[in-house]
$ cat start09.tsv   # TSV, C-alpha atoms
chain	number	residue	atom	x	y	z
A	1	MET	CA	109.67	157.62	46.15
A	2	LYS	CA	112.78	159.63	47.01
A	3	LEU	CA	111.12	161.65	49.79
A	4	LEU	CA	110.13	158.49	51.68
A	5	GLU	CA	113.46	156.70	51.12
A	6	GLU	CA	115.37	159.72	52.40
A	7	ARG	CA	113.16	159.90	55.46
A	8	ILE	CA	113.68	156.20	56.21
A	9	LEU	CA	117.46	156.64	55.90
A	10	ARG	CA	117.39	159.67	58.19
A	11	GLU	CA	114.97	158.51	60.90
A	12	GLY	CA	114.34	154.77	60.50
A	13	GLN	CA	115.94	152.43	63.02
A	14	VAL	CA	116.77	148.80	62.40
A	15	ARG	CA	116.00	146.51	65.34
A	16	PRO	CA	116.48	142.78	65.97
A	17	GLY	CA	113.96	140.48	64.28
A	18	ASN	CA	113.86	142.38	60.97
A	19	VAL	CA	112.04	145.29	62.60
A	20	LEU	CA	112.33	148.66	60.88
A	21	LYS	CA	111.10	151.33	63.26
A	22	VAL	CA	109.60	154.34	61.50
A	23	ASP	CA	107.41	155.46	64.37
A	24	CYS	CA	108.75	159.02	64.14
A	25	PHE	CA	106.72	159.72	61.02
A	26	LEU	CA	104.63	156.75	59.80
A	27	ASN	CA	102.92	154.73	62.49
A	28	HIS	CA	102.95	156.37	65.92
A	29	GLN	CA	103.82	159.98	65.34
A	30	LEU	CA	102.44	160.88	61.90
A	31	ASP	CA	103.96	163.45	59.55
A	32	VAL	CA	100.80	164.45	57.70
A	33	GLU	CA	102.72	166.45	55.11
A	34	LEU	CA	104.66	163.31	54.16
A	35	LEU	CA	101.44	161.25	54.22
A	36	ASP	CA	99.87	163.78	51.88
A	37	ALA	CA	102.78	163.37	49.46
A	38	ILE	CA	102.37	159.59	49.72
A	39	GLY	CA	98.66	159.96	48.92
A	40	ALA	CA	99.49	162.12	45.91
A	41	GLU	CA	101.95	159.49	44.67
A	42	PHE	CA	99.38	156.69	45.00
A	43	HIS	CA	96.99	158.89	43.03
A	44	ARG	CA	99.61	159.41	40.33
A	45	ILE	CA	100.04	155.62	40.05
A	46	PHE	CA	96.44	154.44	40.47
A	47	GLY	CA	94.44	157.56	39.52
A	48	GLY	CA	93.39	156.13	36.16
A	49	ASP	CA	92.22	152.79	37.52
A	50	GLY	CA	88.59	153.63	38.29
A	51	ILE	CA	88.98	153.32	42.05
A	52	ASN	CA	85.89	154.24	44.11
A	53	LYS	CA	87.02	153.16	47.59
A	54	ILE	CA	90.22	152.94	49.65
A	55	VAL	CA	90.44	149.88	51.90
A	56	THR	CA	92.90	149.41	54.76
A	57	ILE	CA	93.27	147.86	58.21
A	58	GLU	CA	93.46	149.59	61.56
A	59	ALA	CA	95.42	151.27	63.02
A	60	SER	CA	98.31	152.86	61.12
A	61	GLY	CA	96.73	152.11	57.74
A	62	ILE	CA	93.94	154.57	58.54
A	63	ALA	CA	96.19	157.62	58.36
A	64	ILE	CA	97.61	156.62	54.97
A	65	ALA	CA	94.17	155.69	53.65
A	66	CYS	CA	92.63	159.04	54.63
A	67	MET	CA	95.43	161.10	53.15
A	68	THR	CA	95.21	159.00	49.96
A	69	ALA	CA	91.41	159.12	49.71
A	70	ARG	CA	91.51	162.93	49.64
A	71	HIS	CA	93.36	162.80	46.34
A	72	PHE	CA	90.87	160.32	44.86
A	73	GLY	CA	87.76	161.99	46.28
A	74	VAL	CA	86.44	158.62	47.52
A	75	PRO	CA	85.63	157.17	50.95
A	76	VAL	CA	87.82	154.92	53.13
A	77	VAL	CA	86.72	151.66	54.76
A	78	PHE	CA	89.00	150.09	57.33
A	79	ALA	CA	88.93	146.49	58.54
A	80	LYS	CA	88.85	146.12	62.32
A	81	LYS	CA	91.16	143.78	64.17
A	82	ALA	CA	88.63	142.45	66.67
A	83	LYS	CA	84.89	142.13	66.63
A	84	SER	CA	83.44	145.01	68.58
A	85	LYS	CA	80.08	145.11	70.33
A	86	ASN	CA	79.17	148.10	68.20
A	87	ILE	CA	79.40	146.24	64.91
A	88	ASP	CA	76.39	144.36	63.51
A	89	GLY	CA	76.67	140.63	62.98
A	90	ASP	CA	76.64	141.22	59.25
A	91	VAL	CA	80.39	141.30	58.61
A	92	TYR	CA	82.97	139.69	56.41
A	93	THR	CA	85.69	138.06	58.49
A	94	SER	CA	89.11	136.60	57.81
A	95	VAL	CA	91.86	135.22	60.04
A	96	VAL	CA	95.30	136.85	59.94
A	97	HIS	CA	98.51	135.54	61.44
A	98	SER	CA	100.67	138.27	62.96
A	99	PHE	CA	104.41	137.57	63.07
A	100	THR	CA	104.89	140.74	65.12
A	101	TYR	CA	102.58	139.58	67.89
A	102	GLY	CA	103.00	135.84	67.38
A	103	ARG	CA	99.29	135.05	67.24
A	104	ASP	CA	96.23	134.88	64.99
A	105	TYR	CA	93.56	137.54	65.01
A	106	ASP	CA	90.28	138.10	63.19
A	107	ILE	CA	89.66	141.03	60.93
A	108	THR	CA	86.10	142.17	60.23
A	109	LEU	CA	84.49	144.54	57.77
A	110	SER	CA	80.77	145.38	57.60
A	111	LYS	CA	79.05	143.86	54.58
A	112	LYS	CA	77.25	147.11	53.87
A	113	PHE	CA	80.51	148.89	53.04
A	114	LEU	CA	81.92	146.56	50.37
A	115	SER	CA	80.12	145.00	47.39
A	116	PRO	CA	80.60	143.91	43.75
A	117	ALA	CA	80.02	147.57	42.81
A	118	ASP	CA	83.36	148.48	44.41
A	119	ARG	CA	86.72	148.80	42.74
A	120	VAL	CA	89.21	149.26	45.53
A	121	LEU	CA	92.75	150.36	46.23
A	122	ILE	CA	94.13	148.60	49.30
A	123	VAL	CA	96.78	150.59	51.19
A	124	ASP	CA	98.95	149.85	54.22
A	125	ASP	CA	102.10	151.10	55.89
A	126	PHE	CA	104.14	147.87	55.64
A	127	LEU	CA	104.21	144.76	53.49
A	128	ALA	CA	106.47	141.94	54.69
A	129	ASN	CA	105.05	138.42	54.76
A	130	GLY	CA	101.76	139.74	53.44
A	131	LYS	CA	99.50	138.04	55.98
A	132	ALA	CA	97.37	141.11	56.75
A	133	MET	CA	97.13	141.86	53.01
A	134	LYS	CA	95.89	138.33	52.31
A	135	GLY	CA	93.19	138.88	54.94
A	136	LEU	CA	92.12	142.10	53.21
A	137	LEU	CA	92.14	140.41	49.80
A	138	ASP	CA	90.03	137.59	51.25
A	139	VAL	CA	87.51	140.13	52.55
A	140	CYS	CA	87.36	141.80	49.10
A	141	ARG	CA	86.87	138.39	47.46
A	142	GLN	CA	84.00	137.57	49.83
A	143	ALA	CA	82.41	140.93	48.96
A	144	GLY	CA	82.87	140.40	45.23
A	145	ALA	CA	84.76	143.72	45.10
A	146	GLN	CA	87.48	144.16	42.47
A	147	VAL	CA	90.98	144.93	43.72
A	148	ALA	CA	92.38	147.48	41.26
A	149	GLY	CA	95.64	147.94	43.13
A	150	ILE	CA	97.70	147.62	46.27
A	151	GLY	CA	99.62	150.64	47.56
A	152	ILE	CA	102.31	150.09	50.19
A	153	CYS	CA	104.55	152.63	51.88
A	154	ILE	CA	107.42	150.31	52.85
A	155	GLU	CA	107.88	146.81	51.48
A	156	LYS	CA	110.43	144.45	53.00
A	157	GLY	CA	111.73	143.07	49.73
A	158	PHE	CA	113.63	140.30	51.50
A	159	GLN	CA	110.34	138.84	52.73
A	160	PRO	CA	107.98	137.11	50.32
A	161	GLY	CA	104.70	139.10	50.54
A	162	GLY	CA	105.27	141.59	47.73
A	163	ASP	CA	106.61	139.19	45.14
A	164	GLU	CA	103.82	136.69	45.86
A	165	LEU	CA	101.22	139.38	45.21
A	166	ARG	CA	102.93	140.46	41.97
A	167	ARG	CA	103.10	136.83	40.79
A	168	ALA	CA	99.37	136.52	41.56
A	169	GLY	CA	98.80	139.38	39.10
A	170	TYR	CA	98.06	142.29	41.41
A	171	LYS	CA	99.23	145.79	40.55
A	172	VAL	CA	101.44	146.45	43.58
A	173	ALA	CA	103.15	149.81	44.14
A	174	SER	CA	105.56	149.97	47.07
A	175	LEU	CA	106.95	153.47	47.47
A	176	ALA	CA	110.10	152.15	49.15
A	177	ILE	CA	111.33	148.56	48.89
A	178	VAL	CA	114.01	147.61	51.43
A	179	ASP	CA	116.04	144.76	49.94
A	180	HIS	CA	118.57	144.55	52.74
A	181	MET	CA	118.94	146.02	56.18
A	182	ASP	CA	121.23	145.61	59.15
A	183	ASP	CA	122.61	147.84	61.88
A	184	ASP	CA	124.97	149.61	59.52
A	185	SER	CA	123.17	149.88	56.21
A	186	LEU	CA	119.88	149.80	54.42
A	187	THR	CA	119.52	149.17	50.69
A	188	PHE	CA	116.53	150.12	48.58
A	189	ARG	CA	115.48	148.33	45.40
A	190	GLN	CA	115.92	150.52	42.33
A	191	GLN	CA	112.53	151.37	40.86
A	192	ASP	CA	111.49	153.47	37.85
B	1	MET	CA	78.31	172.17	63.22
B	2	LYS	CA	75.27	171.94	60.96
B	3	LEU	CA	76.91	169.64	58.39
B	4	LEU	CA	77.69	167.03	61.04
B	5	GLU	CA	74.31	167.29	62.79
B	6	GLU	CA	72.49	166.83	59.49
B	7	ARG	CA	74.60	163.81	58.67
B	8	ILE	CA	73.90	162.25	62.07
B	9	LEU	CA	70.16	162.81	61.58
B	10	ARG	CA	70.27	161.29	58.10
B	11	GLU	CA	72.53	158.29	58.67
B	12	GLY	CA	73.02	157.78	62.41
B	13	GLN	CA	71.24	154.84	64.04
B	14	VAL	CA	70.28	154.62	67.69
B	15	ARG	CA	70.85	151.20	69.23
B	16	PRO	CA	70.16	149.72	72.69
B	17	GLY	CA	72.63	150.72	75.40
B	18	ASN	CA	72.95	154.36	74.34
B	19	VAL	CA	74.83	153.37	71.20
B	20	LEU	CA	74.75	155.86	68.32
B	21	LYS	CA	76.02	154.11	65.20
B	22	VAL	CA	77.71	156.46	62.75
B	23	ASP	CA	79.84	153.84	61.05
B	24	CYS	CA	78.67	154.98	57.60
B	25	PHE	CA	80.82	158.08	57.75
B	26	LEU	CA	82.82	158.48	60.98
B	27	ASN	CA	84.35	155.30	62.38
B	28	HIS	CA	84.29	152.36	59.97
B	29	GLN	CA	83.59	153.83	56.56
B	30	LEU	CA	85.12	157.32	56.56
B	31	ASP	CA	83.82	160.28	54.58
B	32	VAL	CA	87.08	162.16	54.16
B	33	GLU	CA	85.33	165.25	52.76
B	34	LEU	CA	83.29	165.51	55.97
B	35	LEU	CA	86.41	164.81	58.06
B	36	ASP	CA	88.18	167.60	56.21
B	37	ALA	CA	85.33	170.00	57.09
B	38	ILE	CA	85.57	168.83	60.71
B	39	GLY	CA	89.32	169.53	60.67
B	40	ALA	CA	88.69	173.00	59.26
B	41	GLU	CA	86.16	173.70	62.02
B	42	PHE	CA	88.61	172.59	64.75
B	43	HIS	CA	91.15	174.92	63.17
B	44	ARG	CA	88.65	177.78	63.21
B	45	ILE	CA	88.06	177.18	66.94
B	46	PHE	CA	91.60	176.34	68.11
B	47	GLY	CA	93.74	177.90	65.37
B	48	GLY	CA	94.86	180.78	67.60
B	49	ASP	CA	95.83	178.62	70.57
B	50	GLY	CA	99.46	177.92	69.70
B	51	ILE	CA	98.94	174.20	69.08
B	52	ASN	CA	101.98	172.28	67.81
B	53	LYS	CA	100.70	168.69	67.99
B	54	ILE	CA	97.41	166.80	67.60
B	55	VAL	CA	96.97	163.90	70.04
B	56	THR	CA	94.39	161.12	69.73
B	57	ILE	CA	93.84	157.42	70.41
B	58	GLU	CA	93.61	154.58	67.92
B	59	ALA	CA	91.69	153.65	65.88
B	60	SER	CA	88.93	156.00	64.68
B	61	GLY	CA	90.58	159.03	66.25
B	62	ILE	CA	93.45	158.72	63.78
B	63	ALA	CA	91.34	159.71	60.78
B	64	ILE	CA	90.01	162.82	62.51
B	65	ALA	CA	93.45	163.73	63.85
B	66	CYS	CA	95.10	163.50	60.41
B	67	MET	CA	92.43	165.55	58.68
B	68	THR	CA	92.68	168.13	61.48
B	69	ALA	CA	96.49	168.23	61.54
B	70	ARG	CA	96.55	169.22	57.86
B	71	HIS	CA	94.82	172.47	58.71
B	72	PHE	CA	97.25	173.20	61.56
B	73	GLY	CA	100.38	172.08	59.71
B	74	VAL	CA	101.51	170.03	62.73
B	75	PRO	CA	102.13	166.30	63.36
B	76	VAL	CA	99.78	163.76	64.95
B	77	VAL	CA	100.65	161.37	67.76
B	78	PHE	CA	98.22	158.61	68.60
B	79	ALA	CA	98.09	156.58	71.80
B	80	LYS	CA	98.03	152.83	71.27
B	81	LYS	CA	95.56	150.57	73.02
B	82	ALA	CA	97.95	147.73	73.80
B	83	LYS	CA	101.67	147.53	74.25
B	84	SER	CA	103.17	146.22	71.04
B	85	LYS	CA	106.47	144.42	70.63
B	86	ASN	CA	107.56	147.17	68.27
B	87	ILE	CA	107.34	149.91	70.86
B	88	ASP	CA	110.31	150.71	73.09
B	89	GLY	CA	109.93	150.35	76.81
B	90	ASP	CA	110.10	154.09	77.17
B	91	VAL	CA	106.38	154.90	77.11
B	92	TYR	CA	103.81	156.79	79.11
B	93	THR	CA	100.94	154.50	80.10
B	94	SER	CA	97.50	154.98	81.57
B	95	VAL	CA	94.61	152.61	82.29
B	96	VAL	CA	91.25	153.25	80.60
B	97	HIS	CA	87.93	151.62	81.40
B	98	SER	CA	85.84	150.89	78.31
B	99	PHE	CA	82.08	150.78	78.83
B	100	THR	CA	81.68	149.56	75.23
B	101	TYR	CA	83.82	146.50	75.80
B	102	GLY	CA	83.24	146.12	79.53
B	103	ARG	CA	86.92	145.92	80.46
B	104	ASP	CA	90.05	147.92	81.29
B	105	TYR	CA	92.84	148.40	78.79
B	106	ASP	CA	96.21	150.15	78.80
B	107	ILE	CA	97.05	153.01	76.51
B	108	THR	CA	100.66	153.79	75.69
B	109	LEU	CA	102.47	156.66	74.03
B	110	SER	CA	106.23	156.87	73.39
B	111	LYS	CA	107.99	159.37	75.64
B	112	LYS	CA	109.95	160.74	72.71
B	113	PHE	CA	106.79	162.11	71.07
B	114	LEU	CA	105.38	164.22	73.91
B	115	SER	CA	107.21	166.66	76.20
B	116	PRO	CA	106.83	169.96	78.12
B	117	ALA	CA	107.59	171.70	74.80
B	118	ASP	CA	104.24	170.52	73.42
B	119	ARG	CA	100.96	172.38	73.38
B	120	VAL	CA	98.40	169.87	72.19
B	121	LEU	CA	94.88	169.61	70.84
B	122	ILE	CA	93.32	166.27	71.77
B	123	VAL	CA	90.70	165.05	69.29
B	124	ASP	CA	88.39	162.02	69.22
B	125	ASP	CA	85.24	160.83	67.48
B	126	PHE	CA	83.08	160.40	70.62
B	127	LEU	CA	82.94	161.77	74.15
B	128	ALA	CA	80.52	160.03	76.52
B	129	ASN	CA	81.78	159.07	79.97
B	130	GLY	CA	85.17	160.51	79.11
B	131	LYS	CA	87.27	157.56	80.25
B	132	ALA	CA	89.50	157.44	77.15
B	133	MET	CA	89.90	161.23	77.32
B	134	LYS	CA	91.01	161.02	80.95
B	135	GLY	CA	93.64	158.48	79.90
B	136	LEU	CA	94.91	160.86	77.21
B	137	LEU	CA	94.93	163.78	79.67
B	138	ASP	CA	96.87	161.62	82.14
B	139	VAL	CA	99.45	160.84	79.45
B	140	CYS	CA	99.78	164.58	78.65
B	141	ARG	CA	100.18	165.34	82.37
B	142	GLN	CA	102.93	162.72	82.69
B	143	ALA	CA	104.69	164.28	79.69
B	144	GLY	CA	104.35	167.79	81.07
B	145	ALA	CA	102.61	168.78	77.84
B	146	GLN	CA	100.02	171.57	77.93
B	147	VAL	CA	96.50	170.69	76.77
B	148	ALA	CA	95.30	173.74	74.83
B	149	GLY	CA	92.01	172.19	73.83
B	150	ILE	CA	89.82	169.15	73.32
B	151	GLY	CA	88.00	168.70	70.01
B	152	ILE	CA	85.20	166.13	69.82
B	153	CYS	CA	83.00	165.20	66.88
B	154	ILE	CA	80.01	163.83	68.79
B	155	GLU	CA	79.43	164.35	72.51
B	156	LYS	CA	76.73	162.44	74.34
B	157	GLY	CA	75.48	165.34	76.41
B	158	PHE	CA	73.41	163.05	78.62
B	159	GLN	CA	76.59	161.37	79.87
B	160	PRO	CA	78.97	163.19	82.20
B	161	GLY	CA	82.32	163.31	80.32
B	162	GLY	CA	81.95	166.66	78.54
B	163	ASP	CA	80.59	168.66	81.46
B	164	GLU	CA	83.24	167.25	83.81
B	165	LEU	CA	85.99	168.40	81.44
B	166	ARG	CA	84.44	171.88	81.11
B	167	ARG	CA	84.16	172.17	84.89
B	168	ALA	CA	87.84	171.19	85.15
B	169	GLY	CA	88.62	174.23	82.98
B	170	TYR	CA	89.40	172.63	79.64
B	171	LYS	CA	88.41	174.35	76.40
B	172	VAL	CA	86.14	171.65	74.96
B	173	ALA	CA	84.56	171.98	71.51
B	174	SER	CA	82.06	169.28	70.58
B	175	LEU	CA	80.81	169.77	67.02
B	176	ALA	CA	77.55	167.98	67.80
B	177	ILE	CA	76.16	167.43	71.30
B	178	VAL	CA	73.36	164.87	71.53
B	179	ASP	CA	71.26	165.73	74.58
B	180	HIS	CA	68.62	163.09	74.03
B	181	MET	CA	68.20	160.09	71.79
B	182	ASP	CA	65.80	157.21	71.40
B	183	ASP	CA	64.42	155.14	68.54
B	184	ASP	CA	62.21	157.96	67.29
B	185	SER	CA	64.13	161.15	67.88
B	186	LEU	CA	67.47	162.75	68.49
B	187	THR	CA	67.93	166.20	70.01
B	188	PHE	CA	71.05	168.34	69.68
B	189	ARG	CA	72.11	170.95	72.21
B	190	GLN	CA	71.89	174.47	70.80
B	191	GLN	CA	75.37	175.95	70.43
B	192	ASP	CA	76.62	179.30	69.13
$ encode --input "start09.tsv" --output "structure tokens"
Amino acid sequence: MKLLEERILREGQVRPGNVLKVDCFLNHQLDVELLDAIGAEFHRIFGGDGINKIVTIEASGIAIACMTARHFGVPVVFAKKAKSKNIDGDVYTSVVHSFTYGRDYDITLSKKFLSPADRVLIVDDFLANGKAMKGLLDVCRQAGAQVAGIGICIEKGFQPGGDELRRAGYKVASLAIVDHMDDDSLTFRQQD
Amino acid sequence: MKLLEERILREGQVRPGNVLKVDCFLNHQLDVELLDAIGAEFHRIFGGDGINKIVTIEASGIAIACMTARHFGVPVVFAKKAKSKNIDGDVYTSVVHSFTYGRDYDITLSKKFLSPADRVLIVDDFLANGKAMKGLLDVCRQAGAQVAGIGICIEKGFQPGGDELRRAGYKVASLAIVDHMDDDSLTFRQQD
């Protein structure tokens, strides 16, 4: 997606530890016009796939999920990163390892919001090692929900998450795939 | 806002400890059509107030902020609940006490996203004791940003947060104010 690639080139910052900072527009400050265009693009790609729910994980995923769900006319459900007092005991849970924070955390999603009747599109801001995505897929598996597709804003193509998911047969659309990045340059994978 | 009050009456659940569960549509599963109507209502109320940024706090606030920002044509910035490795050191911070979780937590917001040039609308899903809101107001004060208004989906009118903010002179719009709730009934404050 040209619009997103251009924005990454203009405002993204490469930091030590394979960090690509895009907090100007994607995950701290949010450019809702860009997010709306991202949602429209996911709808162009997955609009014919019978999706009835958008699934994501807090926090930055929520913005992308909402702006995508508008185009599909379906609800969002987001997995939470820690069990809250306000949630009933009746939840799916999965353990996710975070490389960013160097620890494991639980994700939870209420059983009443995901079932075998659901055909979901999972969206998130980043895909790198794919640990959070595997947690979301595990939750969908527990619920018996079908995963019709995975929509990612920025995939780190030099990390294994995306290719593992494609090999496993998932329909993965990453709107920008960064194949190489360092202080001086950033290369995107050519896509159709 | 009739649409929101009706939805609360139909799907909200009162739980011990003054908990009003609205996770079917507002803060776990998200009804984006309702959120869009909420955003339109905030724009009707605050549209003439020169707002150039929507500020909120993760996680559920993000959905409301995005769907509101669309109507204003301005960006969102959300405060984070814990300092992440990915954030630069250059952040505003404030301490918030959570009654829900029974502990204090830090909120942070990058200095580059809030300044004296900003005139903000703060939005959130709930207002009860107002502790999170005070943290957000503190962050805006540190930034020198003007707070043009506070937009809340559900205010617990029997807790002090909303009235304290009104007494302090803020323009507070709560789309539904619950003045009383128990297992059998739920009463909304009459509003114009």
$ interface_residues --input "start09.tsv" --of "chain A" --to "chain B" --cutoff "9 Å" --atoms "all atoms listed in the file" --output "VMD selection string"
chain A and resid 15 19 to 21 23 to 25 27 to 33 36 58 to 60 62 to 63 65 to 67 69 to 70 73 to 80 84 to 87 100 to 101 109 to 110 112 to 113
$ residues_around --input "start09.tsv" --residues "Met133 in chain B" --least-positions-apart "4" --cutoff "10 Å" --atoms "all atoms listed in the file" --output "ChimeraX atom specification"
/B:56-57,96,122-124,126-129,137-139,150,161-162,165
$ residues_around --input "start09.tsv" --residues "Asp49 in chain A" --least-positions-apart "2" --cutoff "10 Å" --atoms "all atoms listed in the file" --output "mmCIF file with C-alpha atoms, in the frame of the given file"
data_model
loop_
_atom_site.group_PDB
_atom_site.id
_atom_site.type_symbol
_atom_site.label_atom_id
_atom_site.label_comp_id
_atom_site.auth_asym_id
_atom_site.auth_seq_id
_atom_site.Cartn_x
_atom_site.Cartn_y
_atom_site.Cartn_z
ATOM 1 C CA HIS A 43 96.990 158.890 43.030
ATOM 2 C CA ILE A 45 100.040 155.620 40.050
ATOM 3 C CA PHE A 46 96.440 154.440 40.470
ATOM 4 C CA GLY A 47 94.440 157.560 39.520
ATOM 5 C CA ILE A 51 88.980 153.320 42.050
ATOM 6 C CA ASN A 52 85.890 154.240 44.110
ATOM 7 C CA ARG A 119 86.720 148.800 42.740
ATOM 8 C CA VAL A 120 89.210 149.260 45.530
ATOM 9 C CA LEU A 121 92.750 150.360 46.230
ATOM 10 C CA ALA A 148 92.380 147.480 41.260
ATOM 11 C CA GLY A 149 95.640 147.940 43.130
#
$ closest_residue --input "start09.tsv" --among "B:Lys156, B:Arg44, B:His71, B:Lys111" --to "Arg189 in chain B" --atoms "all atoms listed in the file"
B:Lys156
$ closest_residue --input "start09.tsv" --among "A:Gln190, A:Ser185, A:Gln159, A:Ser174" --to "Phe42 in chain A" --atoms "all atoms listed in the file"
A:Ser174
$ build_atoms --input "start09.tsv" --residues "range 55-62 of chain B" --atoms "all heavy atoms" --output "JSON list (two decimals), in the coordinates of the input"
[["chain", "number", "residue", "atom", "x", "y", "z"],
["B", 55, "VAL", "N", 96.89, 165.18, 69.34],
["B", 55, "VAL", "CA", 96.97, 163.90, 70.04],
["B", 55, "VAL", "C", 95.62, 163.20, 69.97],
["B", 55, "VAL", "O", 94.57, 163.84, 70.11],
["B", 55, "VAL", "CB", 97.39, 164.12, 71.51],
["B", 55, "VAL", "CG1", 97.26, 162.83, 72.32],
["B", 55, "VAL", "CG2", 98.83, 164.64, 71.59],
["B", 56, "THR", "N", 95.63, 161.89, 69.73],
["B", 56, "THR", "CA", 94.39, 161.12, 69.73],
["B", 56, "THR", "C", 94.69, 159.69, 70.15],
["B", 56, "THR", "O", 95.79, 159.39, 70.62],
["B", 56, "THR", "CB", 93.72, 161.16, 68.34],
["B", 56, "THR", "OG1", 92.40, 160.62, 68.44],
["B", 56, "THR", "CG2", 94.51, 160.34, 67.31],
["B", 57, "ILE", "N", 93.69, 158.83, 70.04],
["B", 57, "ILE", "CA", 93.84, 157.42, 70.41],
["B", 57, "ILE", "C", 93.36, 156.57, 69.25],
["B", 57, "ILE", "O", 92.41, 156.95, 68.55],
["B", 57, "ILE", "CB", 93.08, 157.13, 71.72],
["B", 57, "ILE", "CG1", 93.32, 155.70, 72.21],
["B", 57, "ILE", "CG2", 91.60, 157.40, 71.58],
["B", 57, "ILE", "CD1", 92.87, 155.48, 73.65],
["B", 58, "GLU", "N", 94.05, 155.44, 69.00],
["B", 58, "GLU", "CA", 93.61, 154.58, 67.92],
["B", 58, "GLU", "C", 92.24, 154.00, 68.26],
["B", 58, "GLU", "O", 91.92, 153.89, 69.43],
["B", 58, "GLU", "CB", 94.63, 153.46, 67.66],
["B", 58, "GLU", "CG", 94.77, 152.49, 68.82],
["B", 58, "GLU", "CD", 95.77, 151.35, 68.51],
["B", 58, "GLU", "OE1", 96.37, 151.31, 67.43],
["B", 58, "GLU", "OE2", 95.92, 150.50, 69.38],
["B", 59, "ALA", "N", 91.38, 153.60, 67.28],
["B", 59, "ALA", "CA", 91.69, 153.65, 65.88],
["B", 59, "ALA", "C", 90.97, 154.82, 65.20],
["B", 59, "ALA", "O", 91.57, 155.55, 64.43],
["B", 59, "ALA", "CB", 91.26, 152.34, 65.21],
["B", 60, "SER", "N", 89.68, 155.01, 65.49],
["B", 60, "SER", "CA", 88.93, 156.00, 64.68],
["B", 60, "SER", "C", 89.44, 157.42, 64.88],
["B", 60, "SER", "O", 89.29, 158.25, 63.98],
["B", 60, "SER", "CB", 87.43, 155.92, 64.97],
["B", 60, "SER", "OG", 87.13, 155.14, 66.08],
["B", 61, "GLY", "N", 90.04, 157.70, 66.03],
["B", 61, "GLY", "CA", 90.58, 159.03, 66.25],
["B", 61, "GLY", "C", 91.65, 159.42, 65.24],
["B", 61, "GLY", "O", 91.82, 160.61, 64.93],
["B", 62, "ILE", "N", 92.34, 158.43, 64.69],
["B", 62, "ILE", "CA", 93.45, 158.72, 63.78],
["B", 62, "ILE", "C", 92.99, 159.47, 62.54],
["B", 62, "ILE", "O", 93.65, 160.40, 62.07],
["B", 62, "ILE", "CB", 94.16, 157.39, 63.38],
["B", 62, "ILE", "CG1", 94.81, 156.74, 64.61],
["B", 62, "ILE", "CG2", 95.21, 157.64, 62.30],
["B", 62, "ILE", "CD1", 95.37, 155.34, 64.35]]
